[in-house]
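S.K.: Supplied structure: model_9.pdb, PDB, C-alpha atoms and all ligand atoms.
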```pdb
MODEL        1
ATOM      1  CA  MET A  19      35.808   1.587 -13.974
ATOM      2  CA  ASN A  20      34.890   2.973 -17.385
ATOM      3  CA  LYS A  21      32.749   6.057 -17.671
ATOM      4  CA  LYS A  22      29.674   4.265 -19.026
ATOM      5  CA  LEU A  23      29.567   1.730 -16.200
ATOM      6  CA  PHE A  24      30.110   4.442 -13.624
ATOM      7  CA  PHE A  25      27.240   6.454 -15.059
ATOM      8  CA  SER A  26      24.893   3.415 -15.111
ATOM      9  CA  LEU A  27      25.692   2.642 -11.490
ATOM     10  CA  PHE A  28      25.179   6.274 -10.558
ATOM     11  CA  LEU A  29      21.777   6.256 -12.269
ATOM     12  CA  LEU A  30      20.733   3.048 -10.530
ATOM     13  CA  VAL A  31      21.609   4.432  -7.115
ATOM     14  CA  ALA A  32      19.835   7.732  -7.860
ATOM     15  CA  LEU A  33      16.675   5.967  -9.062
ATOM     16  CA  THR A  34      16.581   3.607  -6.087
ATOM     17  CA  ALA A  35      16.918   6.569  -3.760
ATOM     18  CA  ALA A  36      14.055   8.366  -5.510
ATOM     19  CA  LEU A  37      11.674   5.369  -5.450
ATOM     20  CA  PRO A  38      10.234   5.864  -1.935
ATOM     21  CA  LEU A  39       9.226   9.390  -2.946
ATOM     22  CA  TYR A  40       6.781   7.919  -5.421
ATOM     23  CA  ALA A  41       5.789   4.862  -3.433
ATOM     24  CA  ALA A  42       4.985   6.909  -0.307
ATOM     25  CA  ASN A  43       2.471   9.232  -1.976
ATOM     26  CA  PRO A  44      -0.690   7.210  -2.566
ATOM     27  CA  PRO A  45      -3.235   8.614  -4.966
ATOM     28  CA  ALA A  46      -5.802  10.752  -3.136
ATOM     29  CA  PRO A  47      -8.908   8.777  -2.160
ATOM     30  CA  THR A  48     -11.766   9.095  -4.622
ATOM     31  CA  GLY A  49     -15.376   9.612  -3.662
ATOM     32  CA  GLU A  50     -17.131  11.342  -0.820
ATOM     33  CA  LYS A  51     -15.599  11.492   2.647
ATOM     34  CA  VAL A  52     -17.964  12.404   5.484
ATOM     35  CA  LEU A  53     -16.282  14.414   8.230
ATOM     36  CA  LYS A  54     -17.955  14.305  11.615
ATOM     37  CA  VAL A  55     -17.174  14.562  15.304
ATOM     38  CA  ALA A  56     -15.844  11.478  17.088
ATOM     39  CA  ASP A  57     -18.217   8.918  18.593
ATOM     40  CA  GLY A  58     -19.561  10.148  21.915
ATOM     41  CA  GLN A  59     -19.223  13.836  20.942
ATOM     42  CA  LYS A  60     -22.327  15.916  20.369
ATOM     43  CA  ALA A  61     -22.486  17.719  17.015
ATOM     44  CA  LYS A  62     -24.170  21.126  16.707
ATOM     45  CA  ARG A  63     -24.059  21.211  12.924
ATOM     46  CA  ASP A  64     -24.716  18.863  10.047
ATOM     47  CA  SER A  65     -21.699  16.751   9.131
ATOM     48  CA  VAL A  66     -19.462  17.848   6.249
ATOM     49  CA  LYS A  67     -18.934  16.069   2.939
ATOM     50  CA  PHE A  68     -15.469  16.410   1.492
ATOM     51  CA  TRP A  69     -14.090  15.371  -1.898
ATOM     52  CA  HIS A  70     -10.416  15.196  -2.853
ATOM     53  CA  SER A  71     -11.565  15.607  -6.408
ATOM     54  CA  LYS A  72     -13.892  18.541  -7.233
ATOM     55  CA  GLY A  73     -12.016  21.737  -6.442
ATOM     56  CA  HIS A  74      -9.179  20.187  -4.416
ATOM     57  CA  LYS A  75      -7.324  18.043  -6.922
ATOM     58  CA  ASP A  76      -4.744  20.683  -7.851
ATOM     59  CA  ILE A  77      -3.823  21.503  -4.248
ATOM     60  CA  ALA A  78      -0.608  19.873  -2.955
ATOM     61  CA  CYS A  79      -1.294  17.063  -0.468
ATOM     62  CA  VAL A  80       0.953  18.730   2.111
ATOM     63  CA  GLN A  81      -1.204  21.863   2.153
ATOM     64  CA  CYS A  82      -3.823  19.904   4.124
ATOM     65  CA  HIS A  83      -1.832  16.848   5.297
ATOM     66  CA  HIS A  84       0.691  19.172   6.872
ATOM     67  CA  VAL A  85       2.428  16.809   9.291
ATOM     68  CA  VAL A  86       5.597  15.711   7.507
ATOM     69  CA  GLU A  87       7.715  12.688   8.446
ATOM     70  CA  ASN A  88      10.818  11.639   6.466
ATOM     71  CA  GLY A  89      10.004  14.303   3.912
ATOM     72  CA  GLN A  90       6.523  12.889   3.256
ATOM     73  CA  PRO A  91       3.106  14.050   4.421
ATOM     74  CA  VAL A  92       1.413  11.748   6.936
ATOM     75  CA  PHE A  93      -2.099  10.728   5.912
ATOM     76  CA  LYS A  94      -4.456  10.295   8.814
ATOM     77  CA  SER A  95      -7.703  11.752  10.047
ATOM     78  CA  CYS A  96      -7.757  15.351  11.297
ATOM     79  CA  ASN A  97      -8.917  14.271  14.764
ATOM     80  CA  ALA A  98      -6.388  11.471  15.233
ATOM     81  CA  ASP A  99      -4.730  11.232  18.664
ATOM     82  CA  GLY A 100      -2.323  14.114  19.191
ATOM     83  CA  CYS A 101      -3.805  16.148  16.318
ATOM     84  CA  HIS A 102      -7.019  18.222  16.371
ATOM     85  CA  ASN A 103      -8.995  16.267  18.956
ATOM     86  CA  ASN A 104      -9.822  18.905  21.576
ATOM     87  CA  TYR A 105     -13.565  19.368  21.107
ATOM     88  CA  ALA A 106     -13.994  22.025  23.804
ATOM     89  CA  ALA A 107     -11.400  24.588  22.668
ATOM     90  CA  ARG A 108     -12.277  27.053  19.904
ATOM     91  CA  LYS A 109      -8.664  28.036  19.324
ATOM     92  CA  GLY A 110      -5.211  26.475  19.386
ATOM     93  CA  PRO A 111      -3.387  23.762  17.479
ATOM     94  CA  ASP A 112      -5.296  20.901  19.125
ATOM     95  CA  SER A 113      -8.726  22.534  18.695
ATOM     96  CA  TYR A 114     -11.084  20.533  16.494
ATOM     97  CA  TYR A 115     -13.069  23.644  15.605
ATOM     98  CA  ALA A 116      -9.994  25.713  14.683
ATOM     99  CA  ALA A 117      -8.659  22.997  12.373
ATOM    100  CA  PHE A 118     -11.580  23.659  10.036
ATOM    101  CA  HIS A 119     -12.400  27.339  10.628
ATOM    102  CA  SER A 120      -9.252  29.232  11.673
ATOM    103  CA  PRO A 121      -7.960  31.974   9.335
ATOM    104  CA  ASP A 122      -4.921  29.749   8.612
ATOM    105  CA  LYS A 123      -4.831  28.680   4.949
ATOM    106  CA  ARG A 124      -4.557  25.035   6.035
ATOM    107  CA  SER A 125      -8.089  25.150   7.455
ATOM    108  CA  CYS A 126     -11.131  24.649   5.220
ATOM    109  CA  LEU A 127     -12.674  28.024   5.924
ATOM    110  CA  GLY A 128      -9.302  29.824   6.061
ATOM    111  CA  CYS A 129      -8.475  28.766   2.524
ATOM    112  CA  HIS A 130     -12.015  29.236   1.225
ATOM    113  CA  ARG A 131     -12.061  32.844   2.502
ATOM    114  CA  VAL A 132      -8.823  33.636   0.646
ATOM    115  CA  GLU A 133     -10.062  31.921  -2.520
ATOM    116  CA  PHE A 134     -13.497  33.546  -2.325
ATOM    117  CA  LYS A 135     -11.948  37.001  -1.963
ATOM    118  CA  ALA A 136      -9.743  36.255  -4.967
ATOM    119  CA  GLY A 137     -12.918  35.693  -6.980
ATOM    120  CA  ASN A 138     -13.440  31.919  -6.732
ATOM    121  CA  LYS A 139     -17.084  31.756  -5.694
ATOM    122  CA  ASN A 140     -17.074  27.938  -5.645
ATOM    123  CA  ALA A 141     -14.997  28.026  -2.459
ATOM    124  CA  GLY A 142     -18.002  28.586  -0.193
ATOM    125  CA  THR A 143     -17.740  30.527   3.058
ATOM    126  CA  LYS A 144     -21.302  30.183   4.412
ATOM    127  CA  CYS A 145     -21.927  27.560   7.087
ATOM    128  CA  ALA A 146     -24.188  25.683   4.676
ATOM    129  CA  SER A 147     -21.477  25.643   1.986
ATOM    130  CA  CYS A 148     -19.922  22.788   3.949
ATOM    131  CA  HIS A 149     -22.448  21.714   6.614
ATOM    132  CA  THR A 150     -25.182  20.051   4.624
ATOM    133  CA  PRO A 151     -27.710  17.439   5.712
TER     134      PRO A 151
HETATM  135  C1  LIG B   1      -5.910  25.266   0.311
HETATM  136  C2  LIG B   1      -7.261  25.635  -0.070
HETATM  137  C3  LIG B   1      -8.446  24.797   0.352
HETATM  138  C4  LIG B   1      -8.618  24.069   1.493
HETATM  139  C5  LIG B   1      -7.635  23.869   2.637
HETATM  140  C6  LIG B   1      -9.932  23.500   1.424
HETATM  141  N1  LIG B   1     -10.570  23.883   0.274
HETATM  142 FE1  LIG B   1     -12.466  23.383  -0.297
HETATM  143  N2  LIG B   1     -12.224  24.351  -2.039
HETATM  144  C7  LIG B   1     -11.114  25.091  -2.395
HETATM  145  C8  LIG B   1     -11.331  25.701  -3.688
HETATM  146  C9  LIG B   1     -10.345  26.572  -4.455
HETATM  147  C10 LIG B   1     -12.633  25.309  -4.091
HETATM  148  C11 LIG B   1     -13.374  25.708  -5.367
HETATM  149  C12 LIG B   1     -12.893  24.884  -6.505
HETATM  150  C13 LIG B   1     -13.633  25.182  -7.786
HETATM  151  O1  LIG B   1     -13.229  26.121  -8.452
HETATM  152  O2  LIG B   1     -14.611  24.481  -8.056
HETATM  153  C14 LIG B   1     -13.152  24.447  -3.028
HETATM  154  C15 LIG B   1     -14.407  23.862  -3.076
HETATM  155  C16 LIG B   1     -14.993  23.177  -2.028
HETATM  156  C17 LIG B   1     -16.332  22.644  -2.010
HETATM  157  C18 LIG B   1     -17.327  22.731  -3.155
HETATM  158  C19 LIG B   1     -17.009  21.560  -4.055
HETATM  159  C20 LIG B   1     -17.906  21.460  -5.229
HETATM  160  O3  LIG B   1     -17.450  21.821  -6.342
HETATM  161  O4  LIG B   1     -19.039  21.012  -5.049
HETATM  162  C21 LIG B   1     -16.524  22.043  -0.796
HETATM  163  C22 LIG B   1     -17.767  21.333  -0.286
HETATM  164  C23 LIG B   1     -15.289  22.191  -0.049
HETATM  165  N3  LIG B   1     -14.392  22.879  -0.836
HETATM  166  C24 LIG B   1     -15.094  21.730   1.237
HETATM  167  C25 LIG B   1     -13.874  21.802   1.922
HETATM  168  C26 LIG B   1     -13.646  21.217   3.225
HETATM  169  C27 LIG B   1     -14.675  20.489   4.058
HETATM  170  C28 LIG B   1     -12.340  21.474   3.528
HETATM  171  C29 LIG B   1     -11.562  21.078   4.760
HETATM  172  C30 LIG B   1     -11.600  19.679   5.175
HETATM  173  C31 LIG B   1     -11.774  22.228   2.431
HETATM  174  N4  LIG B   1     -12.735  22.412   1.473
HETATM  175  C32 LIG B   1     -10.467  22.694   2.403
HETATM  176  C33 LIG B   1      -9.964  25.250  -1.657
HETATM  177  C34 LIG B   1      -9.693  24.677  -0.421
HETATM  178  C1  LIG B   2      -7.934  20.399   0.604
HETATM  179  C2  LIG B   2      -7.371  19.524   1.607
HETATM  180  C3  LIG B   2      -6.766  18.211   1.205
HETATM  181  C4  LIG B   2      -5.877  17.959   0.194
HETATM  182  C5  LIG B   2      -5.232  18.936  -0.776
HETATM  183  C6  LIG B   2      -5.589  16.535   0.234
HETATM  184  N1  LIG B   2      -6.309  15.949   1.251
HETATM  185 FE1  LIG B   2      -6.304  13.980   1.742
HETATM  186  N2  LIG B   2      -7.710  14.314   3.175
HETATM  187  C7  LIG B   2      -8.250  15.554   3.474
HETATM  188  C8  LIG B   2      -9.264  15.386   4.493
HETATM  189  C9  LIG B   2     -10.090  16.502   5.122
HETATM  190  C10 LIG B   2      -9.305  14.007   4.791
HETATM  191  C11 LIG B   2     -10.206  13.318   5.798
HETATM  192  C12 LIG B   2      -9.537  13.354   7.122
HETATM  193  C13 LIG B   2     -10.429  12.810   8.227
HETATM  194  O1  LIG B   2     -11.051  11.762   8.010
HETATM  195  O2  LIG B   2     -10.449  13.392   9.308
HETATM  196  C14 LIG B   2      -8.309  13.359   3.953
HETATM  197  C15 LIG B   2      -8.026  11.998   3.983
HETATM  198  C16 LIG B   2      -7.027  11.393   3.242
HETATM  199  C17 LIG B   2      -6.634  10.009   3.368
HETATM  200  C18 LIG B   2      -7.260   9.002   4.310
HETATM  201  C19 LIG B   2      -6.611   9.163   5.672
HETATM  202  C20 LIG B   2      -7.266   8.306   6.736
HETATM  203  O3  LIG B   2      -6.658   7.347   7.183
HETATM  204  O4  LIG B   2      -8.393   8.630   7.138
HETATM  205  C21 LIG B   2      -5.616   9.785   2.465
HETATM  206  C22 LIG B   2      -4.854   8.492   2.219
HETATM  207  C23 LIG B   2      -5.377  11.055   1.780
HETATM  208  N3  LIG B   2      -6.258  12.002   2.286
HETATM  209  C24 LIG B   2      -4.446  11.233   0.791
HETATM  210  C25 LIG B   2      -4.242  12.442   0.117
HETATM  211  C26 LIG B   2      -3.279  12.602  -0.979
HETATM  212  C27 LIG B   2      -2.371  11.510  -1.518
HETATM  213  C28 LIG B   2      -3.352  13.908  -1.362
HETATM  214  C29 LIG B   2      -2.596  14.605  -2.469
HETATM  215  C30 LIG B   2      -2.656  13.950  -3.787
HETATM  216  C31 LIG B   2      -4.366  14.545  -0.531
HETATM  217  N4  LIG B   2      -4.883  13.635   0.349
HETATM  218  C32 LIG B   2      -4.724  15.875  -0.622
HETATM  219  C33 LIG B   2      -7.893  16.758   2.931
HETATM  220  C34 LIG B   2      -7.037  16.934   1.863
HETATM  221  C1  LIG B   3     -15.236  25.387   4.325
HETATM  222  C2  LIG B   3     -15.989  24.426   5.063
HETATM  223  C3  LIG B   3     -16.700  24.845   6.324
HETATM  224  C4  LIG B   3     -17.454  26.000   6.525
HETATM  225  C5  LIG B   3     -17.762  27.096   5.532
HETATM  226  C6  LIG B   3     -17.931  25.915   7.892
HETATM  227  N1  LIG B   3     -17.509  24.768   8.492
HETATM  228 FE1  LIG B   3     -17.919  24.141  10.391
HETATM  229  N2  LIG B   3     -16.827  22.452  10.107
HETATM  230  C7  LIG B   3     -16.217  22.109   8.920
HETATM  231  C8  LIG B   3     -15.628  20.796   9.070
HETATM  232  C9  LIG B   3     -14.859  20.034   8.002
HETATM  233  C10 LIG B   3     -15.915  20.369  10.376
HETATM  234  C11 LIG B   3     -15.521  19.037  10.994
HETATM  235  C12 LIG B   3     -16.595  18.002  10.659
HETATM  236  C13 LIG B   3     -17.747  18.042  11.604
HETATM  237  O1  LIG B   3     -17.552  17.882  12.806
HETATM  238  O2  LIG B   3     -18.898  18.259  11.152
HETATM  239  C14 LIG B   3     -16.664  21.433  11.025
HETATM  240  C15 LIG B   3     -17.101  21.396  12.330
HETATM  241  C16 LIG B   3     -17.848  22.382  12.931
HETATM  242  C17 LIG B   3     -18.293  22.378  14.313
HETATM  243  C18 LIG B   3     -17.945  21.313  15.336
HETATM  244  C19 LIG B   3     -18.801  20.094  15.139
HETATM  245  C20 LIG B   3     -20.244  20.344  15.506
HETATM  246  O3  LIG B   3     -21.108  20.101  14.629
HETATM  247  O4  LIG B   3     -20.541  20.754  16.638
HETATM  248  C21 LIG B   3     -19.050  23.507  14.521
HETATM  249  C22 LIG B   3     -19.725  23.949  15.798
HETATM  250  C23 LIG B   3     -19.049  24.238  13.251
HETATM  251  N3  LIG B   3     -18.314  23.525  12.306
HETATM  252  C24 LIG B   3     -19.709  25.436  13.050
HETATM  253  C25 LIG B   3     -19.677  26.160  11.846
HETATM  254  C26 LIG B   3     -20.363  27.433  11.650
HETATM  255  C27 LIG B   3     -21.221  28.134  12.700
HETATM  256  C28 LIG B   3     -20.090  27.848  10.376
HETATM  257  C29 LIG B   3     -20.524  29.131   9.676
HETATM  258  C30 LIG B   3     -20.090  30.338  10.333
HETATM  259  C31 LIG B   3     -19.211  26.824   9.767
HETATM  260  N4  LIG B   3     -19.005  25.833  10.694
HETATM  261  C32 LIG B   3     -18.706  26.885   8.484
HETATM  262  C33 LIG B   3     -16.157  22.842   7.771
HETATM  263  C34 LIG B   3     -16.751  24.073   7.564
ENDMDL
END
```
Before we go any further, please render this structure as structure tokens.
Ligand code: HEC
Ligand code: HEC
Ligand code: HEC
M.R.:
Amino acid sequence: MNKKLFFSLFLLVALTAALPLYAANPPAPTGEKVLKVADGQKAKRDSVKFWHSKGHKDIACVQCHHVVENGQPVFKSCNADGCHNNYAARKGPDSYYAAFHSPDKRSCLGCHRVEFKAGNKNAGTKCASCHTP
């Protein structure tokens, strides 16, 4: 096999292998996403409006979509089965409340606190920064 052919084949294989990396990461949804408790659960606060754009577009997907399968983040709702769907607990990995308010940087409030302290006042830390009618 001559060098040129070998190199072309090598490139083809490398590109084919890399394809799923691009195909698997869909663009982030545009527009407003309303986050609220599951049907049948009683909410104490106003629901939360979230945008992938505004403020969050430069954050890596995996920072929030932190379950990784085959090297790719899994995109599903926070309270999907087996995730943060324990509405009674205030703490722990399955706690719905903790997913959004724990000091962990993956949680909304956790990250906003760090950002706010660093001087980014647009990352709100008051209840009403996120819970709005
Ligand atoms: C890893 C960090 C991080 C996480 C996690 C995060 N945010 Fe933010 N958020 C930011 C930063 C930084 C800003 C301010 C961006 C700017 O400078 O405008 C922001 C801004 C916002 C704003 C104001 C947007 C605007 O400009 O009107 C809202 C509302 C918001 N976030 C809600 C949420 C909610 C709800 C979650 C969880 C589902 C969340 N954020 C998770 C970093 C984060
Ligand atoms: C700051 C946190 C954050 C970042 C960064 C982020 N997302 Fe999201 N994403 C969310 C939240 C919160 C939801 C709504 C989850 C819910 O409905 O419970 C969501 C929902 C989604 C959904 C819909 C899932 C479903 O079935 O309900 C897709 C697809 C998605 N994101 C893709 C992306 C991609 C692609 C990126 C990176 C380019 C990204 N997200 C970055 C927080 C984030
Ligand atoms: C950075 C965004 C953010 C801030 C700030 C925030 N929350 Fe939340 N909170 C959320 C998200 C997202 C949810 C999940 C969506 C929902 O259920 O409304 C949630 C859910 C809740 C829930 C469970 C659902 C319900 O309504 O009963 C309670 C209780 C709650 N928050 C209380 C608070 C209180 C109290 C504060 C102020 C100390 C606060 N939150 C500040 C994002 C935030």
S.K.: Excluding same-chain residues fewer than 4 positions from A:Arg108, what lies within 10 Å of it counting only C-alpha atoms, as a list in words?
M.R.: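 Final neighbour list, sorted by chain and number: Asn104, Asp112, Ser113, Tyr114, Tyr115, Ala116, Ala117, His119 and Ser120 of chain A.
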S.K.: Could you pull out the residues sitting within 7 Å of ligand LIG 2 (chain B), using all atoms listed in the file, and write them as a list in words?
M.R.: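 Residues satisfying the distance criterion: Asn43, Pro44, Pro45, Ala46, Pro47, Lys51, Leu53, Phe68, His70, His74, Lys75, Ile77, Ala78, Cys79, Val80, Gln81, Cys82, His83, Phe93, Lys94, Ser95, Cys96 and Asn97 of chain A.
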S.K.: Calculated over all atoms listed in the file, which of the candidates A:Asp64, A:Glu87, A:Glu50, A:Asp57 has the smallest distance to ligand LIG 3 (chain B)?
M.R.: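 Nearest candidate to ligand LIG 3 (chain B) out of A:Asp64, A:Glu87, A:Glu50, A:Asp57: A:Asp64.
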S.K.: Taking (-18.1, 17.2, 6.5) in the file's coordinates, which residues come within 12 Å, counting all atoms listed in the file, written as an mmCIF file with C-alpha atoms, keeping the file's coordinate frame?
M.R.:
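The resulting part01.cif:
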```cif
data_model
loop_
_atom_site.group_PDB
_atom_site.id
_atom_site.type_symbol
_atom_site.label_atom_id
_atom_site.label_comp_id
_atom_site.auth_asym_id
_atom_site.auth_seq_id
_atom_site.Cartn_x
_atom_site.Cartn_y
_atom_site.Cartn_z
ATOM 1 C CA GLU A 50 -17.131 11.342 -0.820
ATOM 2 C CA LYS A 51 -15.599 11.492 2.647
ATOM 3 C CA VAL A 52 -17.964 12.404 5.484
ATOM 4 C CA LEU A 53 -16.282 14.414 8.230
ATOM 5 C CA LYS A 54 -17.955 14.305 11.615
ATOM 6 C CA VAL A 55 -17.174 14.562 15.304
ATOM 7 C CA ALA A 61 -22.486 17.719 17.015
ATOM 8 C CA ARG A 63 -24.059 21.211 12.924
ATOM 9 C CA ASP A 64 -24.716 18.863 10.047
ATOM 10 C CA SER A 65 -21.699 16.751 9.131
ATOM 11 C CA VAL A 66 -19.462 17.848 6.249
ATOM 12 C CA LYS A 67 -18.934 16.069 2.939
ATOM 13 C CA PHE A 68 -15.469 16.410 1.492
ATOM 14 C CA TRP A 69 -14.090 15.371 -1.898
ATOM 15 C CA CYS A 96 -7.757 15.351 11.297
ATOM 16 C CA PHE A 118 -11.580 23.659 10.036
ATOM 17 C CA CYS A 126 -11.131 24.649 5.220
ATOM 18 C CA CYS A 145 -21.927 27.560 7.087
ATOM 19 C CA ALA A 146 -24.188 25.683 4.676
ATOM 20 C CA SER A 147 -21.477 25.643 1.986
ATOM 21 C CA CYS A 148 -19.922 22.788 3.949
ATOM 22 C CA HIS A 149 -22.448 21.714 6.614
ATOM 23 C CA THR A 150 -25.182 20.051 4.624
ATOM 24 C CA PRO A 151 -27.710 17.439 5.712
#
```
S.K.: For ligand LIG 1 (chain B), which residue out of A:Gln90, A:Ser125, A:Thr48, A:Ser71 is the nearest one, using all atoms listed in the file?
M.R.: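 For ligand LIG 1 (chain B), the nearest of the candidates is A:Ser125.
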S.K.: Return as AutoDock Vina command-line options the box centre and box size in Å, one decimal, for an axis-aligned box around all listed atoms of stretch 129-133 of chain A padded by 5 Å per side.
M.R.:
```
--center_x -10.3 --center_y 31.2 --center_z 0.0 --size_x 13.6 --size_y 14.9 --size_z 15.0
```
S.K.: Quick one: of A:His84, A:Lys135, A:Lys60, A:Arg124, who's nearest to ligand LIG 3 (chain B), counting all atoms listed in the file?
M.R.: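 Of A:His84, A:Lys135, A:Lys60, A:Arg124, the one nearest ligand LIG 3 (chain B), counting all atoms listed in the file, is A:Lys60.
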S.K.: What separation in Å, quoted to one decimal, exists between atom C12 of ligand LIG 3 (chain B) and atom CA of A:Lys62?
M.R.: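 These atoms are spaced 10.2 Å apart.
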S.K.: So which one's closest to ligand LIG 3 (chain B), A:Gly128, A:Pro91, A:Gly137, A:Gly73? Using all atoms listed in the file, please.
M.R.: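 Answer, going by the shortest atom-to-atom distance: A:Gly128.
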S.K.: Using all atoms listed in the file, find the one residue out of A:Val85, A:Val132, A:Leu127, A:Val92 that sits nearest to ligand LIG 3 (chain B).
M.R.: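 The closest residue to ligand LIG 3 (chain B) is A:Leu127.
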S.K.: Which residue out of A:Arg131, A:Lys109, A:Lys72, A:His102 has the minimum interatomic distance to ligand LIG 1 (chain B) when only C-alpha atoms and all ligand atoms are used?
M.R.: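 So, comparing all the options, the nearest one is A:Lys72.
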S.K.: Atom C30 of ligand LIG 1 (chain B) and atom CA of A:Asn140, how far apart in Å?
M.R.: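 Between atom CA of A:Asn140 and atom C30 of ligand LIG 1 (chain B) the gap is 14.7 Å.
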S.K.: Quick check, in Å to one decimal: how far apart do atom C14 of ligand LIG 1 (chain B) and atom CA of A:Gly49 lie?
M.R.: 15.0 Å
S.K.: Rebuild stretch 96-112 of chain A to N, CA and C atoms - output it as a compact mmCIF listing (two decimals), keeping the file's coordinate frame, please.
M.R.:
```txt
# COMPACT_ATOMS: atom_id res chain seq x y z
N CYS A 96 -8.05 14.08 10.64
CA CYS A 96 -7.76 15.35 11.30
C CYS A 96 -7.83 15.22 12.82
N ASN A 97 -8.75 14.38 13.30
CA ASN A 97 -8.92 14.27 14.76
C ASN A 97 -8.24 13.03 15.34
N ALA A 98 -7.18 12.58 14.69
CA ALA A 98 -6.39 11.47 15.23
C ALA A 98 -5.75 11.90 16.56
N ASP A 99 -5.38 10.93 17.38
CA ASP A 99 -4.73 11.23 18.66
C ASP A 99 -3.54 12.16 18.45
N GLY A 100 -3.45 13.21 19.28
CA GLY A 100 -2.32 14.11 19.19
C GLY A 100 -2.47 15.17 18.11
N CYS A 101 -3.58 15.13 17.36
CA CYS A 101 -3.80 16.15 16.32
C CYS A 101 -4.90 17.12 16.78
N HIS A 102 -5.98 17.25 16.02
CA HIS A 102 -7.02 18.22 16.37
C HIS A 102 -8.18 17.51 17.06
N ASN A 103 -7.95 17.06 18.29
CA ASN A 103 -8.99 16.27 18.96
C ASN A 103 -9.46 16.88 20.28
N ASN A 104 -9.28 18.20 20.41
CA ASN A 104 -9.82 18.90 21.58
C ASN A 104 -11.14 19.54 21.15
N TYR A 105 -12.24 18.94 21.59
CA TYR A 105 -13.56 19.37 21.11
C TYR A 105 -14.10 20.59 21.85
N ALA A 106 -13.50 20.91 23.00
CA ALA A 106 -13.99 22.02 23.80
C ALA A 106 -13.39 23.35 23.34
N ALA A 107 -12.09 23.34 23.02
CA ALA A 107 -11.40 24.59 22.67
C ALA A 107 -11.82 25.10 21.29
N ARG A 108 -11.94 26.42 21.18
CA ARG A 108 -12.28 27.05 19.90
C ARG A 108 -11.03 27.50 19.16
N LYS A 109 -9.92 27.56 19.91
CA LYS A 109 -8.66 28.04 19.32
C LYS A 109 -7.52 27.13 19.73
N GLY A 110 -6.41 27.23 19.03
CA GLY A 110 -5.21 26.48 19.39
C GLY A 110 -5.00 25.30 18.45
N PRO A 111 -3.74 24.81 18.43
CA PRO A 111 -3.39 23.76 17.48
C PRO A 111 -4.15 22.44 17.69
N ASP A 112 -4.59 22.18 18.92
CA ASP A 112 -5.30 20.90 19.12
C ASP A 112 -6.82 21.06 18.99
```
